[in-house]
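Enquirer: Here you go, target.pdb (PDB, C-alpha atoms):
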ATOM      1  CA  MET A1050      -2.291  -8.824-121.217  1.00  0.00           C
ATOM      2  CA  ILE A1051      -4.858 -10.430-123.514  1.00  0.00           C
ATOM      3  CA  THR A1052      -5.915 -13.960-122.683  1.00  0.00           C
ATOM      4  CA  ALA A1053      -8.565 -16.531-123.481  1.00  0.00           C
ATOM      5  CA  ALA A1054      -7.673 -18.398-120.271  1.00  0.00           C
ATOM      6  CA  ALA A1055      -9.864 -17.639-117.265  1.00  0.00           C
ATOM      7  CA  ALA A1056      -7.143 -18.778-114.817  1.00  0.00           C
ATOM      8  CA  GLU A1057      -4.571 -16.368-116.253  1.00  0.00           C
ATOM      9  CA  PHE A1058      -7.056 -13.482-116.192  1.00  0.00           C
ATOM     10  CA  ARG A1059      -8.096 -14.371-112.627  1.00  0.00           C
ATOM     11  CA  ALA A1060      -4.446 -14.429-111.541  1.00  0.00           C
ATOM     12  CA  ALA A1061      -4.033 -10.880-112.880  1.00  0.00           C
ATOM     13  CA  LEU A1062      -6.907  -9.772-110.617  1.00  0.00           C
ATOM     14  CA  PRO A1063      -6.284 -11.466-107.246  1.00  0.00           C
ATOM     15  CA  GLN A1064      -8.429  -8.914-105.394  1.00  0.00           C
ATOM     16  CA  GLY A1065     -11.293  -8.985-107.902  1.00  0.00           C
ATOM     17  CA  GLY A1066     -12.662  -5.564-108.821  1.00  0.00           C
ATOM     18  CA  ARG A1067     -15.224  -4.272-111.275  1.00  0.00           C
ATOM     19  CA  LEU A1068     -15.118  -5.637-114.806  1.00  0.00           C
ATOM     20  CA  LEU A1069     -16.315  -4.007-118.003  1.00  0.00           C
ATOM     21  CA  GLY A1070     -17.901  -6.344-120.544  1.00  0.00           C
ATOM     22  CA  LEU A1071     -17.908  -5.445-124.224  1.00  0.00           C
ATOM     23  CA  ASP A1072     -19.944  -6.837-127.100  1.00  0.00           C
ATOM     24  CA  VAL A1073     -17.991  -5.380-130.023  1.00  0.00           C
ATOM     25  CA  GLY A1074     -19.975  -4.955-133.209  1.00  0.00           C
ATOM     26  CA  THR A1075     -19.244  -3.172-136.453  1.00  0.00           C
ATOM     27  CA  ARG A1076     -21.551  -0.230-135.653  1.00  0.00           C
ATOM     28  CA  THR A1077     -21.971  -0.392-131.874  1.00  0.00           C
ATOM     29  CA  ILE A1078     -20.293  -1.614-128.719  1.00  0.00           C
ATOM     30  CA  GLY A1079     -22.524  -2.891-125.952  1.00  0.00           C
ATOM     31  CA  LEU A1080     -21.155  -2.173-122.477  1.00  0.00           C
ATOM     32  CA  ALA A1081     -21.911  -3.962-119.219  1.00  0.00           C
ATOM     33  CA  LEU A1082     -20.480  -3.690-115.719  1.00  0.00           C
ATOM     34  CA  CYS A1083     -20.275  -6.068-112.798  1.00  0.00           C
ATOM     35  CA  ASP A1084     -19.808  -5.412-109.115  1.00  0.00           C
ATOM     36  CA  ALA A1085     -16.381  -5.747-107.477  1.00  0.00           C
ATOM     37  CA  GLY A1086     -17.345  -9.107-105.967  1.00  0.00           C
ATOM     38  CA  TRP A1087     -18.207 -10.561-109.398  1.00  0.00           C
ATOM     39  CA  THR A1088     -21.772 -11.413-108.473  1.00  0.00           C
ATOM     40  CA  ILE A1089     -23.932  -9.867-111.181  1.00  0.00           C
ATOM     41  CA  ALA A1090     -23.444  -8.192-114.541  1.00  0.00           C
ATOM     42  CA  THR A1091     -25.675  -5.310-115.583  1.00  0.00           C
ATOM     43  CA  ALA A1092     -26.179  -3.753-119.011  1.00  0.00           C
ATOM     44  CA  ALA A1093     -24.666  -0.260-118.948  1.00  0.00           C
ATOM     45  CA  GLU A1094     -24.747   1.594-122.257  1.00  0.00           C
ATOM     46  CA  LEU A1095     -24.606   1.364-126.005  1.00  0.00           C
ATOM     47  CA  LEU A1096     -21.662   3.099-127.638  1.00  0.00           C
ATOM     48  CA  ARG A1097     -22.205   4.061-131.263  1.00  0.00           C
ATOM     49  CA  ARG A1098     -18.880   3.451-132.979  1.00  0.00           C
ATOM     50  CA  SER A1099     -17.058   6.266-134.712  1.00  0.00           C
ATOM     51  CA  LYS A1100     -13.312   6.763-134.981  1.00  0.00           C
ATOM     52  CA  PHE A1101     -11.337   4.393-132.795  1.00  0.00           C
ATOM     53  CA  SER A1102      -9.799   7.308-130.887  1.00  0.00           C
ATOM     54  CA  ALA A1103     -13.279   8.490-129.847  1.00  0.00           C
ATOM     55  CA  ASP A1104     -14.335   4.948-128.907  1.00  0.00           C
ATOM     56  CA  MET A1105     -11.134   4.508-126.886  1.00  0.00           C
ATOM     57  CA  ALA A1106     -11.678   7.842-125.106  1.00  0.00           C
ATOM     58  CA  ARG A1107     -15.197   6.804-124.044  1.00  0.00           C
ATOM     59  CA  LEU A1108     -14.037   3.362-122.906  1.00  0.00           C
ATOM     60  CA  ARG A1109     -11.207   4.972-120.909  1.00  0.00           C
ATOM     61  CA  GLU A1110     -13.702   7.382-119.338  1.00  0.00           C
ATOM     62  CA  VAL A1111     -16.086   4.582-118.332  1.00  0.00           C
ATOM     63  CA  ALA A1112     -13.209   2.490-116.973  1.00  0.00           C
ATOM     64  CA  GLU A1113     -11.931   5.370-114.849  1.00  0.00           C
ATOM     65  CA  LEU A1114     -15.350   6.506-113.609  1.00  0.00           C
ATOM     66  CA  GLN A1115     -16.366   2.972-112.658  1.00  0.00           C
ATOM     67  CA  ALA A1116     -12.974   1.893-111.215  1.00  0.00           C
ATOM     68  CA  VAL A1117     -12.761  -0.977-113.714  1.00  0.00           C
ATOM     69  CA  ARG A1118      -9.939  -3.470-113.102  1.00  0.00           C
ATOM     70  CA  GLY A1119     -10.351  -5.684-116.179  1.00  0.00           C
ATOM     71  CA  LEU A1120     -12.110  -6.059-119.525  1.00  0.00           C
ATOM     72  CA  VAL A1121     -14.105  -9.008-120.873  1.00  0.00           C
ATOM     73  CA  LEU A1122     -14.642  -8.946-124.634  1.00  0.00           C
ATOM     74  CA  GLY A1123     -17.057 -11.266-126.372  1.00  0.00           C
ATOM     75  CA  LEU A1124     -15.216 -13.371-128.954  1.00  0.00           C
ATOM     76  CA  PRO A1125     -17.487 -14.309-131.890  1.00  0.00           C
ATOM     77  CA  LEU A1126     -16.214 -17.770-132.736  1.00  0.00           C
ATOM     78  CA  ASN A1127     -17.764 -19.910-135.456  1.00  0.00           C
ATOM     79  CA  MET A1128     -20.091 -22.634-134.223  1.00  0.00           C
ATOM     80  CA  ASP A1129     -17.269 -25.192-134.596  1.00  0.00           C
ATOM     81  CA  GLY A1130     -14.994 -23.029-132.412  1.00  0.00           C
ATOM     82  CA  THR A1131     -12.817 -21.719-135.219  1.00  0.00           C
ATOM     83  CA  ASP A1132     -12.004 -18.100-135.956  1.00  0.00           C
ATOM     84  CA  SER A1133     -13.827 -16.017-138.542  1.00  0.00           C
ATOM     85  CA  PRO A1134     -13.018 -12.604-140.024  1.00  0.00           C
ATOM     86  CA  ARG A1135     -15.222 -11.089-137.274  1.00  0.00           C
ATOM     87  CA  THR A1136     -13.207 -12.971-134.623  1.00  0.00           C
ATOM     88  CA  GLN A1137      -9.992 -11.521-136.016  1.00  0.00           C
ATOM     89  CA  SER A1138     -11.541  -8.046-135.909  1.00  0.00           C
ATOM     90  CA  VAL A1139     -12.368  -8.429-132.200  1.00  0.00           C
ATOM     91  CA  ARG A1140      -8.857  -9.731-131.476  1.00  0.00           C
ATOM     92  CA  ALA A1141      -7.433  -6.637-133.213  1.00  0.00           C
ATOM     93  CA  PHE A1142      -9.794  -4.406-131.222  1.00  0.00           C
ATOM     94  CA  ALA A1143      -8.553  -6.077-128.010  1.00  0.00           C
ATOM     95  CA  ARG A1144      -4.921  -5.442-129.009  1.00  0.00           C
ATOM     96  CA  ASN A1145      -5.793  -1.780-129.596  1.00  0.00           C
ATOM     97  CA  LEU A1146      -7.230  -1.564-126.053  1.00  0.00           C
ATOM     98  CA  GLN A1147      -3.928  -2.558-124.430  1.00  0.00           C
ATOM     99  CA  PRO A1148      -2.916   1.085-123.740  1.00  0.00           C
ATOM    100  CA  LEU A1149      -5.700   1.112-121.127  1.00  0.00           C
ATOM    101  CA  GLY A1150      -3.355  -1.044-119.056  1.00  0.00           C
ATOM    102  CA  LEU A1151      -6.119  -3.461-117.986  1.00  0.00           C
ATOM    103  CA  PRO A1152      -6.103  -7.255-118.263  1.00  0.00           C
ATOM    104  CA  ILE A1153      -8.337  -8.416-121.126  1.00  0.00           C
ATOM    105  CA  LEU A1154     -10.232 -11.697-121.259  1.00  0.00           C
ATOM    106  CA  LEU A1155     -11.610 -12.900-124.594  1.00  0.00           C
ATOM    107  CA  TRP A1156     -14.799 -14.831-123.810  1.00  0.00           C
ATOM    108  CA  ASP A1157     -16.702 -17.126-126.170  1.00  0.00           C
ATOM    109  CA  GLU A1158     -19.888 -15.289-127.071  1.00  0.00           C
ATOM    110  CA  ARG A1159     -21.572 -17.899-129.241  1.00  0.00           C
ATOM    111  CA  TRP A1160     -25.355 -17.716-128.844  1.00  0.00           C
ATOM    112  CA  SER A1161     -25.272 -14.562-126.671  1.00  0.00           C
ATOM    113  CA  THR A1162     -27.184 -12.342-129.100  1.00  0.00           C
ATOM    114  CA  GLN A1163     -29.676 -15.109-129.851  1.00  0.00           C
ATOM    115  CA  ALA A1164     -30.287 -15.756-126.137  1.00  0.00           C
ATOM    116  CA  VAL A1165     -30.829 -12.071-125.413  1.00  0.00           C
ATOM    117  CA  THR A1166     -33.053 -11.607-128.465  1.00  0.00           C
ATOM    118  CA  ARG A1167     -35.197 -14.575-127.402  1.00  0.00           C
ATOM    119  CA  THR A1168     -35.551 -13.077-123.904  1.00  0.00           C
ATOM    120  CA  LEU A1169     -36.619  -9.727-125.358  1.00  0.00           C
ATOM    121  CA  ILE A1170     -39.125 -11.376-127.707  1.00  0.00           C
ATOM    122  CA  ASP A1171     -40.534 -13.358-124.774  1.00  0.00           C
ATOM    123  CA  ALA A1172     -40.873 -10.045-122.900  1.00  0.00           C
ATOM    124  CA  ASP A1173     -42.854  -8.722-125.875  1.00  0.00           C
ATOM    125  CA  ALA A1174     -40.319  -5.971-126.617  1.00  0.00           C
ATOM    126  CA  SER A1175     -40.911  -4.206-129.919  1.00  0.00           C
ATOM    127  CA  ARG A1176     -38.419  -4.610-132.744  1.00  0.00           C
ATOM    128  CA  ALA A1177     -37.212  -1.024-132.176  1.00  0.00           C
ATOM    129  CA  ARG A1178     -36.787  -1.628-128.438  1.00  0.00           C
ATOM    130  CA  ARG A1179     -34.910  -4.891-129.104  1.00  0.00           C
ATOM    131  CA  ALA A1180     -32.524  -3.080-131.458  1.00  0.00           C
ATOM    132  CA  GLU A1181     -31.859  -0.517-128.745  1.00  0.00           C
ATOM    133  CA  LEU A1182     -31.176  -3.097-126.003  1.00  0.00           C
ATOM    134  CA  VAL A1183     -29.699  -6.207-127.601  1.00  0.00           C
ATOM    135  CA  ASP A1184     -26.011  -5.216-127.741  1.00  0.00           C
ATOM    136  CA  LYS A1185     -25.700  -3.956-124.177  1.00  0.00           C
ATOM    137  CA  MET A1186     -27.740  -6.906-122.893  1.00  0.00           C
ATOM    138  CA  ALA A1187     -25.485  -9.252-124.884  1.00  0.00           C
ATOM    139  CA  ALA A1188     -22.494  -7.578-123.185  1.00  0.00           C
ATOM    140  CA  ALA A1189     -24.111  -8.329-119.801  1.00  0.00           C
ATOM    141  CA  TYR A1190     -24.792 -11.944-120.864  1.00  0.00           C
ATOM    142  CA  ILE A1191     -21.143 -12.361-121.932  1.00  0.00           C
ATOM    143  CA  LEU A1192     -19.836 -10.726-118.750  1.00  0.00           C
ATOM    144  CA  GLN A1193     -22.123 -12.820-116.526  1.00  0.00           C
ATOM    145  CA  GLY A1194     -20.874 -16.013-118.146  1.00  0.00           C
ATOM    146  CA  ALA A1195     -17.279 -14.925-117.571  1.00  0.00           C
ATOM    147  CA  ILE A1196     -17.742 -13.929-113.923  1.00  0.00           C
ATOM    148  CA  ASP A1197     -19.648 -17.137-113.198  1.00  0.00           C
ATOM    149  CA  ALA A1198     -16.618 -19.062-114.501  1.00  0.00           C
ATOM    150  CA  LEU A1199     -14.071 -16.785-112.795  1.00  0.00           C
ATOM    151  CA  VAL A1200     -15.608 -17.161-109.339  1.00  0.00           C
ATOM    152  CA  GLY A1201     -14.694 -20.849-109.388  1.00  0.00           C
ATOM    153  CA  VAL A1202     -11.082 -20.185-110.441  1.00  0.00           C
ATOM    154  CA  THR A1203      -8.557 -19.713-107.649  1.00  0.00           C
ATOM    155  CA  PRO A1204      -6.070 -16.862-108.140  1.00  0.00           C
TER
END
Kindly transcribe the structure held in the file into structure tokens.
Expert:
Amino acid sequence: MITAAAAEFRAALPQGGRLLGLDVGTRTIGLALCDAGWTIATAAELLRRSKFSADMARLREVAELQAVRGLVLGLPLNMDGTDSPRTQSVRAFARNLQPLGLPILLWDERWSTQAVTRTLIDADASRARRAELVDKMAAAYILQGAIDALVGVTP
């Protein structure tokens, strides 16, 4: 099940459970995890993209090791809320993840990378360090926004 509706996603997970957040880029995928109670999201790892089968194998491994119950993918909408070619790419990626058998929530990620980059600049992180951290921190930012919204939704 792929949805952009928090209520539908929440209904698919009545007992909560860990979620895996993904910031899907063309060269990397930032990964973040949250606790089973949906309190806090934490940056996990940066997956360098290769063949989809290898990416899928790593995502399956992380999901199994971490007892993940659902996926939250950042959806890169245009500033006016419309789809772009990048948005369509993420939607296709989400469809390709369906064999994992986990509910998938597409979450508006507008401004996530900019917010994380600003935080890293304020922390005086070097350009190299920012490049290393931004995608997985953006995944955590996206996931935190989703879990904050999901906590208020009744299953």
Enquirer: Quick check on the file I pasted: which residues fall under the PyMOL selection byres ((chain A and resi 1193-1196) around 7)? Write them as a compact mmCIF listing (two decimals) with C-alpha atoms, keeping the file's coordinate frame.
Expert:
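Done, and the output landed in selection-v2.txt:
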# COMPACT_ATOMS: atom_id res chain seq x y z
CA TRP A 1087 -18.21 -10.56 -109.40
CA ILE A 1089 -23.93 -9.87 -111.18
CA ALA A 1090 -23.44 -8.19 -114.54
CA TRP A 1156 -14.80 -14.83 -123.81
CA ALA A 1189 -24.11 -8.33 -119.80
CA TYR A 1190 -24.79 -11.94 -120.86
CA ILE A 1191 -21.14 -12.36 -121.93
CA LEU A 1192 -19.84 -10.73 -118.75
CA ASP A 1197 -19.65 -17.14 -113.20
CA ALA A 1198 -16.62 -19.06 -114.50
CA LEU A 1199 -14.07 -16.78 -112.80
CA VAL A 1200 -15.61 -17.16 -109.34
Enquirer: Please evaluate the PyMOL selection byres ((chain A and resi 1060-1069) around 10) against the structure above and give the resulting residues as number ranges by chain.
Expert: A: 1050, 1055-1059, 1070-1071, 1080-1087, 1090-1093, 1108, 1111-1112, 1115-1122, 1151-1153, 1188-1189, 1192, 1195-1196, 1199-1200, 1202-1204
Enquirer: Given the file above and the PyMOL selection byres ((chain A and resi 1148) around 12), which residues are selected, and can you give them as a list in words?
Expert: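 Applied to this file, the PyMOL selection byres ((chain A and resi 1148) around 12) selects Met1050, Ile1051, Ser1102, Met1105, Ala1106, Leu1108, Arg1109, Phe1142, Ala1143, Arg1144, Asn1145, Leu1146, Gln1147, Leu1149, Gly1150, Leu1151, Pro1152 and Ile1153 of chain A.
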Enquirer: The selected residues should be written to file as a short mmCIF file (atom, residue, chain, number, x, y, z; two decimals), keeping the file's coordinate frame (atoms: C-alpha atoms).
Expert:
data_model
loop_
_atom_site.label_atom_id
_atom_site.label_comp_id
_atom_site.auth_asym_id
_atom_site.auth_seq_id
_atom_site.Cartn_x
_atom_site.Cartn_y
_atom_site.Cartn_z
CA MET A 1050 -2.29 -8.82 -121.22
CA ILE A 1051 -4.86 -10.43 -123.51
CA SER A 1102 -9.80 7.31 -130.89
CA MET A 1105 -11.13 4.51 -126.89
CA ALA A 1106 -11.68 7.84 -125.11
CA LEU A 1108 -14.04 3.36 -122.91
CA ARG A 1109 -11.21 4.97 -120.91
CA PHE A 1142 -9.79 -4.41 -131.22
CA ALA A 1143 -8.55 -6.08 -128.01
CA ARG A 1144 -4.92 -5.44 -129.01
CA ASN A 1145 -5.79 -1.78 -129.60
CA LEU A 1146 -7.23 -1.56 -126.05
CA GLN A 1147 -3.93 -2.56 -124.43
CA LEU A 1149 -5.70 1.11 -121.13
CA GLY A 1150 -3.36 -1.04 -119.06
CA LEU A 1151 -6.12 -3.46 -117.99
CA PRO A 1152 -6.10 -7.26 -118.26
CA ILE A 1153 -8.34 -8.42 -121.13
#
Enquirer: Would you compute an axis-aligned box for region 1144-1159 of chain A, covering every atom listed for it in the file with 4 Å of margin on each side, and report centre and edge lengths in Å to one decimal as AutoDock Vina command-line options?
Expert:
--center_x -12.2 --center_y -8.4 --center_z -123.8 --size_x 26.7 --size_y 27.0 --size_z 19.6
Enquirer: Report, in Å to a single decimal, how far apart CA of Leu1154 (chain A) and CA of Leu1096 (chain A) are.
Expert: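 Taking CA of Leu1096 (chain A) and CA of Leu1154 (chain A), their separation equals 19.8 Å.
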Enquirer: So the first atom is CA of Pro1125 (chain A) and the second is CA of Val1139 (chain A); what is the distance between them in Å, to one decimal place?
Expert: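 CA of Val1139 (chain A) lies 7.8 Å from CA of Pro1125 (chain A).
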Enquirer: By how many Å are CA of Asn1127 (chain A) and CA of Lys1185 (chain A) apart?
Expert: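 Interatomic distance, CA of Asn1127 (chain A) to CA of Lys1185 (chain A): 21.1 Å.
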Enquirer: A:Met1128, A:Ala1187, A:Asp1157, A:Arg1135: which is nearest Ala1054 (chain A), counting all atoms listed in the file?
Expert: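 With all atoms listed in the file as the atom set, the closest residue is A:Asp1157.
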